[in-house]
$ cat input.cif   # mmCIF, C-alpha atoms
data_data
loop_
_atom_site.label_atom_id
_atom_site.label_comp_id
_atom_site.auth_asym_id
_atom_site.auth_seq_id
_atom_site.Cartn_x
_atom_site.Cartn_y
_atom_site.Cartn_z
CA MET A 26 19.07 -19.67 19.08
CA ARG A 27 17.01 -16.94 20.76
CA LEU A 28 15.03 -14.28 18.91
CA ALA A 29 17.75 -11.66 19.41
CA GLU A 30 20.34 -13.87 17.74
CA LEU A 31 17.98 -14.71 14.88
CA CYS A 32 17.57 -10.97 14.27
CA ARG A 33 21.30 -10.32 14.48
CA THR A 34 22.12 -13.17 12.08
CA THR A 35 19.59 -12.15 9.44
CA GLY A 36 19.52 -8.38 9.87
CA VAL A 37 15.75 -8.44 10.26
CA THR A 38 14.26 -6.42 13.13
CA ALA A 39 12.40 -8.14 15.99
CA PRO A 40 9.01 -6.49 15.23
CA THR A 41 9.27 -7.70 11.61
CA VAL A 42 10.18 -11.24 12.68
CA LYS A 43 7.25 -11.24 15.12
CA TRP A 44 4.94 -10.06 12.40
CA TYR A 45 6.11 -12.86 10.09
CA LEU A 46 5.47 -15.34 12.94
CA ARG A 47 1.98 -13.96 13.52
CA THR A 48 1.05 -14.05 9.82
CA GLY A 49 2.49 -17.54 9.42
CA LEU A 50 5.13 -16.53 6.84
CA LEU A 51 7.69 -17.85 9.32
CA HIS A 52 7.12 -21.13 11.20
CA ARG A 53 7.14 -20.95 15.00
CA GLY A 54 10.22 -21.91 17.01
CA ASP A 55 10.25 -24.52 19.77
CA ALA A 56 8.68 -23.03 22.88
CA THR A 57 11.22 -22.99 25.69
CA ALA A 58 9.21 -20.92 28.16
CA VAL A 59 6.17 -18.67 28.17
CA ASN A 60 6.88 -16.02 25.49
CA GLN A 61 10.23 -17.54 24.65
CA ALA A 62 11.16 -19.84 21.80
CA SER A 63 14.24 -21.30 20.23
CA TYR A 64 14.97 -20.90 16.54
CA ASP A 65 17.27 -22.83 14.22
CA GLU A 66 18.87 -22.73 10.77
CA SER A 67 15.52 -23.35 9.07
CA HIS A 68 14.30 -20.01 10.47
CA VAL A 69 17.43 -18.21 9.28
CA ARG A 70 17.01 -19.66 5.80
CA ARG A 71 13.33 -18.90 5.58
CA LEU A 72 13.82 -15.30 6.80
CA ARG A 73 16.52 -14.70 4.20
CA LEU A 74 14.28 -16.08 1.48
CA ILE A 75 11.41 -13.83 2.59
CA ARG A 76 13.65 -10.74 2.65
CA ALA A 77 15.18 -11.56 -0.74
CA LEU A 78 11.76 -11.97 -2.35
CA ILE A 79 10.45 -8.73 -0.83
CA GLU A 80 13.50 -6.46 -1.03
CA VAL A 81 15.15 -7.62 -4.22
CA GLY A 82 12.28 -9.31 -6.06
CA GLY A 83 9.81 -6.57 -5.13
CA LEU A 84 7.12 -9.09 -4.09
CA SER A 85 4.31 -8.07 -1.75
CA THR A 86 3.88 -10.07 1.47
CA GLU A 87 0.77 -11.64 -0.07
CA ALA A 88 2.86 -12.79 -3.04
CA VAL A 89 5.55 -14.16 -0.70
CA ALA A 90 2.86 -16.09 1.19
CA ALA A 91 1.73 -17.66 -2.09
CA VAL A 92 5.29 -18.67 -3.03
CA LEU A 93 6.00 -20.13 0.43
CA GLY A 94 2.68 -22.00 0.35
CA ALA A 95 3.70 -23.63 -2.93
CA LEU A 96 7.17 -24.46 -1.53
CA ASP A 97 5.64 -26.06 1.57
CA ASP A 98 3.12 -28.13 -0.38
CA GLU A 99 4.18 -31.79 -0.11
CA ASP A 100 2.96 -32.55 -3.62
CA ARG A 101 4.74 -29.62 -5.23
CA THR A 102 6.60 -30.02 -8.49
CA VAL A 103 9.23 -27.63 -9.81
CA GLN A 104 6.68 -26.39 -12.32
CA ASP A 105 4.07 -25.68 -9.66
CA VAL A 106 6.48 -23.66 -7.56
CA LEU A 107 7.88 -21.82 -10.60
CA ALA A 108 4.37 -21.00 -11.81
CA VAL A 109 3.39 -19.52 -8.46
CA ALA A 110 6.67 -17.61 -8.19
CA HIS A 111 6.31 -16.30 -11.73
CA ASP A 112 2.72 -15.21 -11.30
CA ALA A 113 3.35 -13.71 -7.87
CA SER A 114 6.32 -11.66 -9.02
CA ALA A 115 4.75 -10.38 -12.27
CA PRO A 116 3.25 -6.90 -12.29
CA GLN A 117 -0.52 -6.83 -12.65
CA PRO A 118 -1.32 -4.33 -15.42
CA SER A 119 -4.95 -3.91 -16.46
CA PRO A 120 -5.82 -6.80 -18.78
CA PRO A 121 -4.78 -6.01 -22.36
CA GLY A 122 -7.43 -6.39 -25.05
CA GLN A 123 -8.14 -9.47 -27.13
CA PRO A 124 -5.99 -8.37 -30.12
CA ALA A 125 -2.90 -8.08 -27.90
CA MET A 126 -3.52 -11.48 -26.32
CA GLU A 127 -3.87 -13.01 -29.78
CA ARG A 128 -0.52 -11.52 -30.79
CA VAL A 129 1.04 -13.09 -27.68
CA GLU A 130 -0.54 -16.43 -28.56
CA ALA A 131 0.76 -16.20 -32.14
CA PHE A 132 4.24 -15.28 -30.91
CA LEU A 133 4.33 -18.27 -28.54
CA ARG A 134 3.32 -20.56 -31.41
CA HIS A 135 6.03 -18.97 -33.55
CA ARG A 136 8.62 -19.72 -30.84
CA GLY A 137 7.22 -23.18 -30.12
CA TRP A 138 6.92 -22.33 -26.41
CA ARG A 139 4.22 -24.04 -24.38
CA VAL A 140 2.95 -21.72 -21.65
CA ARG A 141 -0.09 -21.99 -19.34
CA ALA A 142 -3.11 -20.10 -20.67
CA GLY A 143 -3.52 -18.25 -17.36
CA SER A 144 0.13 -17.25 -16.97
CA ALA A 145 0.63 -13.70 -15.68
CA ALA A 146 3.60 -13.38 -18.06
CA ARG A 147 1.23 -13.60 -21.04
CA ARG A 148 -0.76 -10.63 -19.74
CA GLN A 149 2.45 -8.75 -18.95
CA LEU A 150 3.71 -9.23 -22.50
CA GLY A 151 0.30 -8.30 -23.95
CA ALA A 152 0.24 -5.10 -21.91
CA ALA A 153 3.74 -4.23 -23.08
CA LEU A 154 2.72 -4.72 -26.74
CA CYS A 155 -0.35 -2.51 -26.23
CA ALA A 156 1.72 0.22 -24.63
CA LEU A 157 4.32 0.14 -27.39
CA ALA A 158 1.60 0.28 -30.06
CA SER A 159 -0.15 3.20 -28.37
CA LEU A 160 3.08 5.20 -28.22
CA ARG A 161 4.07 4.52 -31.79
CA ASP A 162 0.93 5.99 -33.19
CA SER A 163 -1.68 8.17 -31.65
CA THR A 164 -4.64 6.72 -33.50
CA ALA A 165 -6.39 3.60 -32.21
CA PRO A 166 -3.69 1.23 -30.93
CA ASP A 167 -3.25 -1.96 -32.86
CA ILE A 168 -0.32 -4.34 -32.53
CA GLY A 169 0.79 -4.22 -36.15
CA SER A 170 1.14 -7.66 -37.63
CA ALA A 171 2.36 -10.96 -36.20
CA GLU A 172 5.47 -10.42 -38.33
CA ALA A 173 6.11 -7.01 -36.78
CA VAL A 174 5.75 -8.49 -33.29
CA ALA A 175 8.16 -11.29 -34.14
CA ALA A 176 10.70 -8.85 -35.62
CA LEU A 177 10.53 -6.75 -32.44
CA LEU A 178 10.59 -9.57 -29.89
CA ASP A 179 12.73 -12.27 -31.48
CA PRO A 180 16.08 -10.79 -30.39
CA TYR A 181 14.84 -10.69 -26.78
CA ALA A 182 13.31 -14.16 -27.04
CA ASP A 183 16.53 -15.59 -28.49
CA ALA A 184 18.54 -14.13 -25.62
CA VAL A 185 16.26 -15.34 -22.82
CA GLU A 186 15.71 -18.72 -24.46
CA ASN A 187 19.40 -19.52 -24.14
CA LEU A 188 19.50 -18.28 -20.55
CA ALA A 189 16.30 -20.09 -19.51
CA SER A 190 17.41 -23.31 -21.11
CA ALA A 191 20.64 -23.24 -19.06
CA GLU A 192 18.78 -22.21 -15.91
CA ILE A 193 16.36 -25.10 -16.13
CA ALA A 194 19.17 -27.54 -16.99
CA ASN A 195 20.79 -26.47 -13.69
CA ALA A 196 17.57 -26.83 -11.69
CA PRO A 197 17.41 -29.65 -9.14
CA ASP A 198 16.72 -33.25 -10.09
CA ASP A 199 15.66 -34.08 -6.61
CA LEU A 200 12.20 -32.62 -6.26
CA ALA A 201 12.01 -33.70 -2.64
CA ASP A 202 14.85 -31.39 -1.64
CA GLU A 203 13.13 -28.28 -0.37
CA LEU A 204 16.41 -26.38 -0.11
CA LEU A 205 17.21 -26.89 -3.78
CA ILE A 206 13.77 -25.87 -4.98
CA GLU A 207 13.88 -22.84 -2.68
CA ARG A 208 17.15 -21.76 -4.26
CA ALA A 209 15.87 -22.33 -7.78
CA VAL A 210 12.84 -20.13 -7.14
CA ALA A 211 14.81 -17.41 -5.42
CA GLY A 212 17.34 -17.51 -8.24
CA THR A 213 14.59 -17.02 -10.77
CA VAL A 214 13.21 -13.96 -9.03
CA ILE A 215 16.54 -12.43 -8.02
CA LEU A 216 18.36 -13.03 -11.30
CA GLU A 217 15.52 -11.26 -13.11
CA GLN A 218 16.45 -8.15 -11.16
CA ALA A 219 20.14 -8.71 -11.83
CA MET A 220 19.45 -9.07 -15.57
CA ALA A 221 17.39 -5.87 -15.63
CA ALA A 222 20.19 -4.00 -13.82
CA LEU A 223 22.78 -5.35 -16.25
CA ARG A 224 20.69 -4.27 -19.27
CA ARG A 225 20.39 -0.73 -17.91
CA MET A 226 24.10 -0.52 -17.27
CA ALA A 227 24.94 -1.86 -20.74
CA GLN A 228 22.55 0.71 -22.27
CA GLU A 229 24.26 3.48 -20.34
CA HIS A 230 27.66 2.27 -21.49
CA PHE A 231 26.68 2.16 -25.18
CA ALA A 232 24.84 5.50 -24.97
CA ARG A 233 28.02 7.05 -23.61
CA GLN A 234 30.00 5.54 -26.49
CA ARG A 235 27.53 6.79 -29.07
CA TYR A 236 26.69 10.27 -27.78
CA GLY A 237 29.89 11.06 -25.94
CA ASP A 238 30.65 11.52 -22.30
CA THR A 239 28.18 14.22 -21.29
CA SER A 240 26.64 12.66 -18.22
CA THR A 241 28.21 12.79 -14.82
CA MET B 1 -10.72 18.14 -28.60
CA ARG B 2 -12.70 18.39 -25.39
CA LEU B 3 -11.88 16.55 -22.17
CA ALA B 4 -14.46 13.83 -22.85
CA GLU B 5 -12.88 13.01 -26.18
CA LEU B 6 -9.38 13.01 -24.69
CA CYS B 7 -10.59 10.47 -22.14
CA ARG B 8 -12.30 8.34 -24.79
CA THR B 9 -9.23 8.34 -27.04
CA THR B 10 -6.77 7.38 -24.33
CA GLY B 11 -8.98 5.24 -22.07
CA VAL B 12 -8.00 7.36 -19.06
CA THR B 13 -10.83 8.48 -16.75
CA ALA B 14 -11.68 12.18 -16.34
CA PRO B 15 -10.76 12.32 -12.62
CA THR B 16 -7.35 10.84 -13.44
CA VAL B 17 -6.75 13.31 -16.28
CA LYS B 18 -7.78 16.17 -13.99
CA TRP B 19 -5.40 14.94 -11.35
CA TYR B 20 -2.54 14.80 -13.88
CA LEU B 21 -3.41 18.39 -14.89
CA ARG B 22 -3.43 19.55 -11.26
CA THR B 23 -0.10 17.87 -10.47
CA GLY B 24 1.48 19.17 -13.67
CA LEU B 25 2.21 15.72 -15.14
CA LEU B 26 0.03 16.77 -18.06
CA HIS B 27 0.31 20.26 -19.58
CA ARG B 28 -2.85 22.40 -19.59
CA GLY B 29 -5.02 22.69 -22.71
CA ASP B 30 -5.99 26.01 -24.35
CA ALA B 31 -8.70 27.64 -22.28
CA THR B 32 -11.82 28.04 -24.38
CA ALA B 33 -14.18 29.15 -21.61
CA VAL B 34 -14.26 29.20 -17.82
CA ASN B 35 -13.65 25.59 -16.77
CA GLN B 36 -13.31 24.42 -20.35
CA ALA B 37 -10.23 23.74 -22.39
CA SER B 38 -9.25 22.25 -25.69
CA TYR B 39 -6.70 19.44 -25.96
CA ASP B 40 -4.63 18.20 -28.88
CA GLU B 41 -2.43 15.31 -30.02
CA SER B 42 0.34 16.34 -27.63
CA HIS B 43 -2.01 15.61 -24.72
CA VAL B 44 -2.98 12.23 -26.15
CA ARG B 45 0.68 11.30 -26.55
CA ARG B 46 1.70 12.47 -23.12
CA LEU B 47 -1.20 10.66 -21.45
CA ARG B 48 -0.28 7.42 -23.19
CA LEU B 49 3.32 7.79 -22.11
CA ILE B 50 2.26 8.39 -18.50
CA ARG B 51 -0.05 5.36 -18.50
CA ALA B 52 2.59 3.13 -20.11
CA LEU B 53 5.22 4.12 -17.54
CA ILE B 54 2.82 3.57 -14.63
CA GLU B 55 0.88 0.49 -15.76
CA VAL B 56 3.49 -1.46 -17.66
CA GLY B 57 6.72 -0.04 -16.28
CA GLY B 58 5.43 -0.03 -12.72
CA LEU B 59 6.72 3.50 -12.04
CA SER B 60 5.26 5.61 -9.25
CA THR B 61 3.78 8.99 -10.18
CA GLU B 62 6.81 10.62 -8.54
CA ALA B 63 9.09 8.59 -10.81
CA VAL B 64 7.00 9.54 -13.85
CA ALA B 65 7.30 13.19 -12.88
CA ALA B 66 11.09 12.84 -12.79
CA VAL B 67 11.18 11.18 -16.23
CA LEU B 68 8.87 13.81 -17.77
CA GLY B 69 10.93 16.58 -16.19
CA ALA B 70 14.05 15.21 -17.89
CA LEU B 71 12.19 14.88 -21.21
CA ASP B 72 10.97 18.46 -21.01
CA ASP B 73 14.38 19.87 -20.14
CA GLU B 74 15.60 21.87 -23.15
CA ASP B 75 19.20 20.90 -22.51
CA ARG B 76 18.51 17.20 -22.17
CA THR B 77 20.72 14.62 -23.82
CA VAL B 78 19.75 11.02 -24.50
CA GLN B 79 22.01 9.98 -21.63
CA ASP B 80 20.37 12.39 -19.19
CA VAL B 81 16.89 11.13 -20.00
CA LEU B 82 18.00 7.49 -19.96
CA ALA B 83 19.73 7.97 -16.60
CA VAL B 84 16.61 9.48 -15.03
CA ALA B 85 14.37 6.80 -16.57
CA HIS B 86 16.72 4.05 -15.39
CA ASP B 87 17.01 5.35 -11.87
CA ALA B 88 13.28 6.11 -11.59
CA SER B 89 12.25 2.65 -12.76
CA ALA B 90 14.75 0.69 -10.66
CA PRO B 91 13.55 -0.85 -7.40
CA GLN B 92 15.01 0.75 -4.28
CA PRO B 93 16.30 -2.09 -2.08
CA SER B 94 18.12 -1.19 1.13
CA PRO B 95 21.69 -0.27 0.20
CA PRO B 96 23.87 -3.38 -0.05
CA GLY B 97 27.09 -3.44 1.95
CA GLN B 98 30.52 -2.31 0.77
CA PRO B 99 31.71 -5.83 -0.23
CA ALA B 100 28.77 -6.23 -2.62
CA MET B 101 29.35 -2.81 -4.18
CA GLU B 102 33.03 -3.69 -4.66
CA ARG B 103 32.02 -6.88 -6.47
CA VAL B 104 29.77 -4.81 -8.75
CA GLU B 105 32.62 -2.39 -9.42
CA ALA B 106 34.97 -5.29 -10.24
CA PHE B 107 32.40 -6.86 -12.53
CA LEU B 108 31.90 -3.58 -14.44
CA ARG B 109 35.69 -3.30 -14.87
CA HIS B 110 35.78 -6.92 -16.07
CA ARG B 111 33.09 -6.11 -18.68
CA GLY B 112 34.65 -2.78 -19.61
CA TRP B 113 31.34 -1.00 -18.98
CA ARG B 114 31.43 2.64 -17.87
CA VAL B 115 28.50 3.36 -15.57
CA ARG B 116 27.75 6.39 -13.34
CA ALA B 117 28.87 5.86 -9.74
CA GLY B 118 25.41 6.83 -8.44
CA SER B 119 23.42 4.61 -10.82
CA ALA B 120 20.48 2.83 -9.17
CA ALA B 121 21.28 -0.23 -11.29
CA ARG B 122 24.58 -0.66 -9.41
CA ARG B 123 22.71 -0.84 -6.11
CA GLN B 124 20.12 -3.16 -7.62
CA LEU B 125 22.81 -5.56 -8.80
CA GLY B 126 24.64 -5.34 -5.47
CA ALA B 127 21.43 -6.17 -3.60
CA ALA B 128 20.80 -9.15 -5.89
CA LEU B 129 24.34 -10.46 -5.23
CA CYS B 130 23.86 -10.07 -1.47
CA ALA B 131 20.54 -11.91 -1.59
CA LEU B 132 21.98 -14.76 -3.65
CA ALA B 133 24.95 -15.09 -1.30
CA SER B 134 22.73 -15.12 1.80
CA LEU B 135 20.57 -17.91 0.35
CA ARG B 136 23.46 -20.05 -0.77
CA ASP B 137 24.92 -20.28 2.65
CA SER B 138 23.48 -19.49 5.99
CA THR B 139 26.66 -18.22 7.58
CA ALA B 140 27.71 -14.59 7.14
CA PRO B 141 26.93 -13.64 3.55
CA ASP B 142 29.90 -12.93 1.37
CA ILE B 143 29.84 -12.64 -2.40
CA GLY B 144 32.35 -15.39 -3.10
CA SER B 145 35.13 -14.19 -5.35
CA ALA B 146 35.19 -11.82 -8.31
CA GLU B 147 35.64 -14.94 -10.46
CA ALA B 148 32.51 -16.55 -9.02
CA VAL B 149 30.52 -13.37 -9.68
CA ALA B 150 31.79 -13.25 -13.26
CA ALA B 151 30.95 -16.93 -13.84
CA LEU B 152 27.42 -16.32 -12.56
CA LEU B 153 26.71 -13.04 -14.34
CA ASP B 154 28.63 -13.29 -17.61
CA PRO B 155 25.93 -15.25 -19.47
CA TYR B 156 23.36 -12.59 -18.53
CA ALA B 157 25.75 -9.76 -19.32
CA ASP B 158 26.60 -11.27 -22.72
CA ALA B 159 22.90 -11.51 -23.57
CA VAL B 160 21.97 -7.97 -22.53
CA GLU B 161 25.14 -6.49 -24.01
CA ASN B 162 24.07 -7.59 -27.49
CA LEU B 163 20.53 -6.31 -26.93
CA ALA B 164 21.61 -2.99 -25.46
CA SER B 165 24.12 -2.38 -28.21
CA ALA B 166 21.37 -2.83 -30.82
CA GLU B 167 18.93 -0.73 -28.80
CA ILE B 168 21.32 2.21 -28.55
CA ALA B 169 22.28 1.88 -32.23
CA ASN B 170 18.55 2.34 -32.99
CA ALA B 171 18.17 5.33 -30.66
CA PRO B 172 17.52 8.71 -32.28
CA ASP B 173 20.26 10.82 -33.83
CA ASP B 174 18.20 13.93 -33.56
CA LEU B 175 18.35 14.89 -29.92
CA ALA B 176 15.99 17.81 -30.52
CA ASP B 177 13.13 15.53 -31.49
CA GLU B 178 11.15 15.09 -28.30
CA LEU B 179 8.94 12.41 -29.84
CA LEU B 180 11.89 10.20 -30.68
CA ILE B 181 13.50 10.51 -27.27
CA GLU B 182 10.13 9.86 -25.64
CA ARG B 183 9.82 6.62 -27.59
CA ALA B 184 13.36 5.56 -26.80
CA VAL B 185 12.77 6.01 -23.08
CA ALA B 186 9.38 4.31 -23.11
CA GLY B 187 10.88 1.47 -25.13
CA THR B 188 13.60 1.02 -22.54
CA VAL B 189 11.15 0.76 -19.68
CA ILE B 190 8.48 -1.27 -21.50
CA LEU B 191 10.85 -3.70 -23.22
CA GLU B 192 12.37 -4.51 -19.83
CA GLN B 193 8.96 -5.83 -18.80
CA ALA B 194 8.57 -7.67 -22.10
CA MET B 195 11.99 -9.29 -21.65
CA ALA B 196 11.14 -10.39 -18.09
CA ALA B 197 7.85 -11.89 -19.31
CA LEU B 198 9.65 -13.73 -22.13
CA ARG B 199 12.23 -15.17 -19.72
CA ARG B 200 9.49 -16.50 -17.43
CA MET B 201 7.65 -18.08 -20.33
CA ALA B 202 10.84 -19.67 -21.69
CA GLN B 203 11.61 -21.06 -18.21
CA GLU B 204 8.13 -22.53 -18.00
CA HIS B 205 8.54 -24.10 -21.42
CA PHE B 206 11.89 -25.73 -20.60
CA ALA B 207 10.69 -26.84 -17.16
CA ARG B 208 7.79 -28.59 -18.84
CA GLN B 209 10.19 -30.29 -21.25
CA ARG B 210 12.47 -31.40 -18.46
CA TYR B 211 10.01 -32.48 -15.78
CA GLY B 212 7.07 -33.49 -17.95
CA ASP B 213 3.67 -32.00 -18.43
CA THR B 214 2.34 -31.90 -14.88
CA SER B 215 1.11 -28.34 -14.66
CA THR B 216 -2.26 -27.27 -15.92
#
$ encode --input "input.cif" --output "structure tokens"
Amino acid sequence: MRLAELCRTTGVTAPTVKWYLRTGLLHRGDATAVNQASYDESHVRRLRLIRALIEVGGLSTEAVAAVLGALDDEDRTVQDVLAVAHDASAPQPSPPGQPAMERVEAFLRHRGWRVRAGSAARRQLGAALCALASLRDSTAPDIGSAEAVAALLDPYADAVENLASAEIANAPDDLADELLIERAVAGTVILEQAMAALRRMAQEHFARQRYGDTST
Amino acid sequence: MRLAELCRTTGVTAPTVKWYLRTGLLHRGDATAVNQASYDESHVRRLRLIRALIEVGGLSTEAVAAVLGALDDEDRTVQDVLAVAHDASAPQPSPPGQPAMERVEAFLRHRGWRVRAGSAARRQLGAALCALASLRDSTAPDIGSAEAVAALLDPYADAVENLASAEIANAPDDLADELLIERAVAGTVILEQAMAALRRMAQEHFARQRYGDTST
């Protein structure tokens, strides 16, 4: 298909597609003439993945480039691609202090979860613990005890443990199938947004039940 | 306390504090001399809330201003503040089409959740459904059937329903206590990040179990 059809099919504007081609996020089409190329389903799929990661997942173009690089690596494993997608889609708060990182470490031991030492999710959780501690008490923030952290986080960890276990059980067996791995990664990033939206809506529902119907 | 001590206590730099004062995010201290003011615990607490919302919650300063405005409104209810915090912290994807929003509506009916029509979380969920549909199939995206949406989302909705119900049960009774409402709102925004981090770590753990220990 021509560029115009690619744009129509995906809803992405021509300048944006051209920019993705220039930056290498999107692979070039087959040249059919000077300044003219032909695109196929692989371009449609890749464009939709890029837009989903940026618009729904909130990734930067740099983060998308990292995820696509991992997807396109011949030697990739599901873990490699997941790790890049996880780290690229995590916020980057300023590094939390040593006490917070030790609480995270202790909590992971308590759950029996094995997680890379450099995982961005560890820093994200540490930063969240620091922020909660600093709000709870306006003296020097500490993170309470390991028991307090476990009491706070266990209900969340129980919930996501069940979900993650099912998600990984449904992940592809065939690591050579780029399409399947692509879907698994996109699902990870997009379903995180869906889960956050569902939690907010459930909170609103229960707040309305508890406090009455005052909001509009 | 003087400005220098406020900065030391909160870890926020003086130019940043001054900028928050100029923009009204932070209330002014008591003037003690020309160009000198005295700050108290209320400034420490507010600064920590602002930093937590920005650094951990990923809110823009505009979004923080909206949340603080709702907190400072004398007539606020828990729902009002939650609604502003939810909408301010939600990503703003391009509006999903009518079919996606109808699927969201049907799913909320199926769950029995009452949610404001204008809630940003509805759009966020609609955008996630659109993105998932477009990746699953490279013809025109549709969102499958209401049954397919329920089969996909029910496990997530079950998990967050339990969490949200407990969260709202723990929310303050005393709607006049600004400190309590402040904590409830910060907890909502910060625990969302903690939950996302936990899900990523649990996925990594189960991926390692399933595919073996190939990542470093």
$ interface_residues --input "input.cif" --of "chain B" --to "chain A" --cutoff "7 Å" --atoms "all atoms listed in the file" --output "ChimeraX atom specification"
/B:44-45,48-49,52,55-56,79-80,86,93,113-116,121,124-125,127-128,131,134-135,138,156-157,159-161,164-165,168,183,190,192-208,215-216
$ atom_distance --input "input.cif" --atom1 "CA of Thr32 in chain B" --atom2 "CA of Lys18 in chain B"
16.3 Å
$ axis_aligned_box --input "input.cif" --around "range 203-215 of chain B" --padding-each-side "6 Å" --output "AutoDock Vina command-line options"
--center_x 6.8 --center_y -27.3 --center_z -18.0 --size_x 23.4 --size_y 24.4 --size_z 18.8
$ atom_distance --input "input.cif" --atom1 "CA of Asp65 in chain A" --atom2 "CA of Met26 in chain A"
6.1 Å
$ atom_distance --input "input.cif" --atom1 "CA of Ala70 in chain B" --atom2 "CA of Ile168 in chain A"
28.3 Å
$ closest_residue --input "input.cif" --among "B:Glu62, B:Glu5, B:Glu147, B:Asp73" --to "Ser38 in chain B" --atoms "all atoms listed in the file"
B:Glu5
$ build_atoms --input "input.cif" --residues "range 39-56 of chain A" --atoms "N, CA and C atoms" --output "short mmCIF file (atom, residue, chain, number, x, y, z; two decimals), in the frame of the given file"
data_model
loop_
_atom_site.label_atom_id
_atom_site.label_comp_id
_atom_site.auth_asym_id
_atom_site.auth_seq_id
_atom_site.Cartn_x
_atom_site.Cartn_y
_atom_site.Cartn_z
N ALA A 39 13.28 -7.28 15.19
CA ALA A 39 12.40 -8.14 15.99
C ALA A 39 10.92 -7.92 15.67
N PRO A 40 10.44 -6.66 15.55
CA PRO A 40 9.01 -6.49 15.23
C PRO A 40 8.65 -7.15 13.90
N THR A 41 9.56 -7.08 12.91
CA THR A 41 9.27 -7.70 11.61
C THR A 41 9.23 -9.22 11.74
N VAL A 42 10.19 -9.79 12.48
CA VAL A 42 10.18 -11.24 12.68
C VAL A 42 8.89 -11.66 13.38
N LYS A 43 8.48 -10.89 14.39
CA LYS A 43 7.25 -11.24 15.12
C LYS A 43 6.03 -11.16 14.21
N TRP A 44 6.07 -10.18 13.33
CA TRP A 44 4.94 -10.06 12.40
C TRP A 44 4.91 -11.25 11.44
N TYR A 45 6.07 -11.67 10.97
CA TYR A 45 6.11 -12.86 10.09
C TYR A 45 5.62 -14.09 10.85
N LEU A 46 5.95 -14.20 12.14
CA LEU A 46 5.47 -15.34 12.94
C LEU A 46 3.95 -15.29 13.08
N ARG A 47 3.43 -14.09 13.35
CA ARG A 47 1.98 -13.96 13.52
C ARG A 47 1.22 -14.29 12.24
N THR A 48 1.76 -13.83 11.08
CA THR A 48 1.05 -14.05 9.82
C THR A 48 1.33 -15.44 9.25
N GLY A 49 2.22 -16.19 9.90
CA GLY A 49 2.49 -17.54 9.42
C GLY A 49 3.50 -17.61 8.29
N LEU A 50 4.08 -16.47 7.87
CA LEU A 50 5.13 -16.53 6.84
C LEU A 50 6.33 -17.30 7.37
N LEU A 51 6.58 -17.15 8.68
CA LEU A 51 7.69 -17.85 9.32
C LEU A 51 7.10 -18.85 10.31
N HIS A 52 7.62 -20.10 10.28
CA HIS A 52 7.12 -21.13 11.20
C HIS A 52 7.60 -20.83 12.62
N ARG A 53 6.79 -21.24 13.60
CA ARG A 53 7.14 -20.95 15.00
C ARG A 53 8.37 -21.72 15.43
N GLY A 54 9.09 -21.18 16.42
CA GLY A 54 10.22 -21.91 17.01
C GLY A 54 9.71 -22.88 18.08
N ASP A 55 10.63 -23.63 18.66
CA ASP A 55 10.25 -24.52 19.77
C ASP A 55 10.08 -23.69 21.04
N ALA A 56 8.92 -23.80 21.66
CA ALA A 56 8.68 -23.03 22.88
C ALA A 56 9.59 -23.52 23.98
#
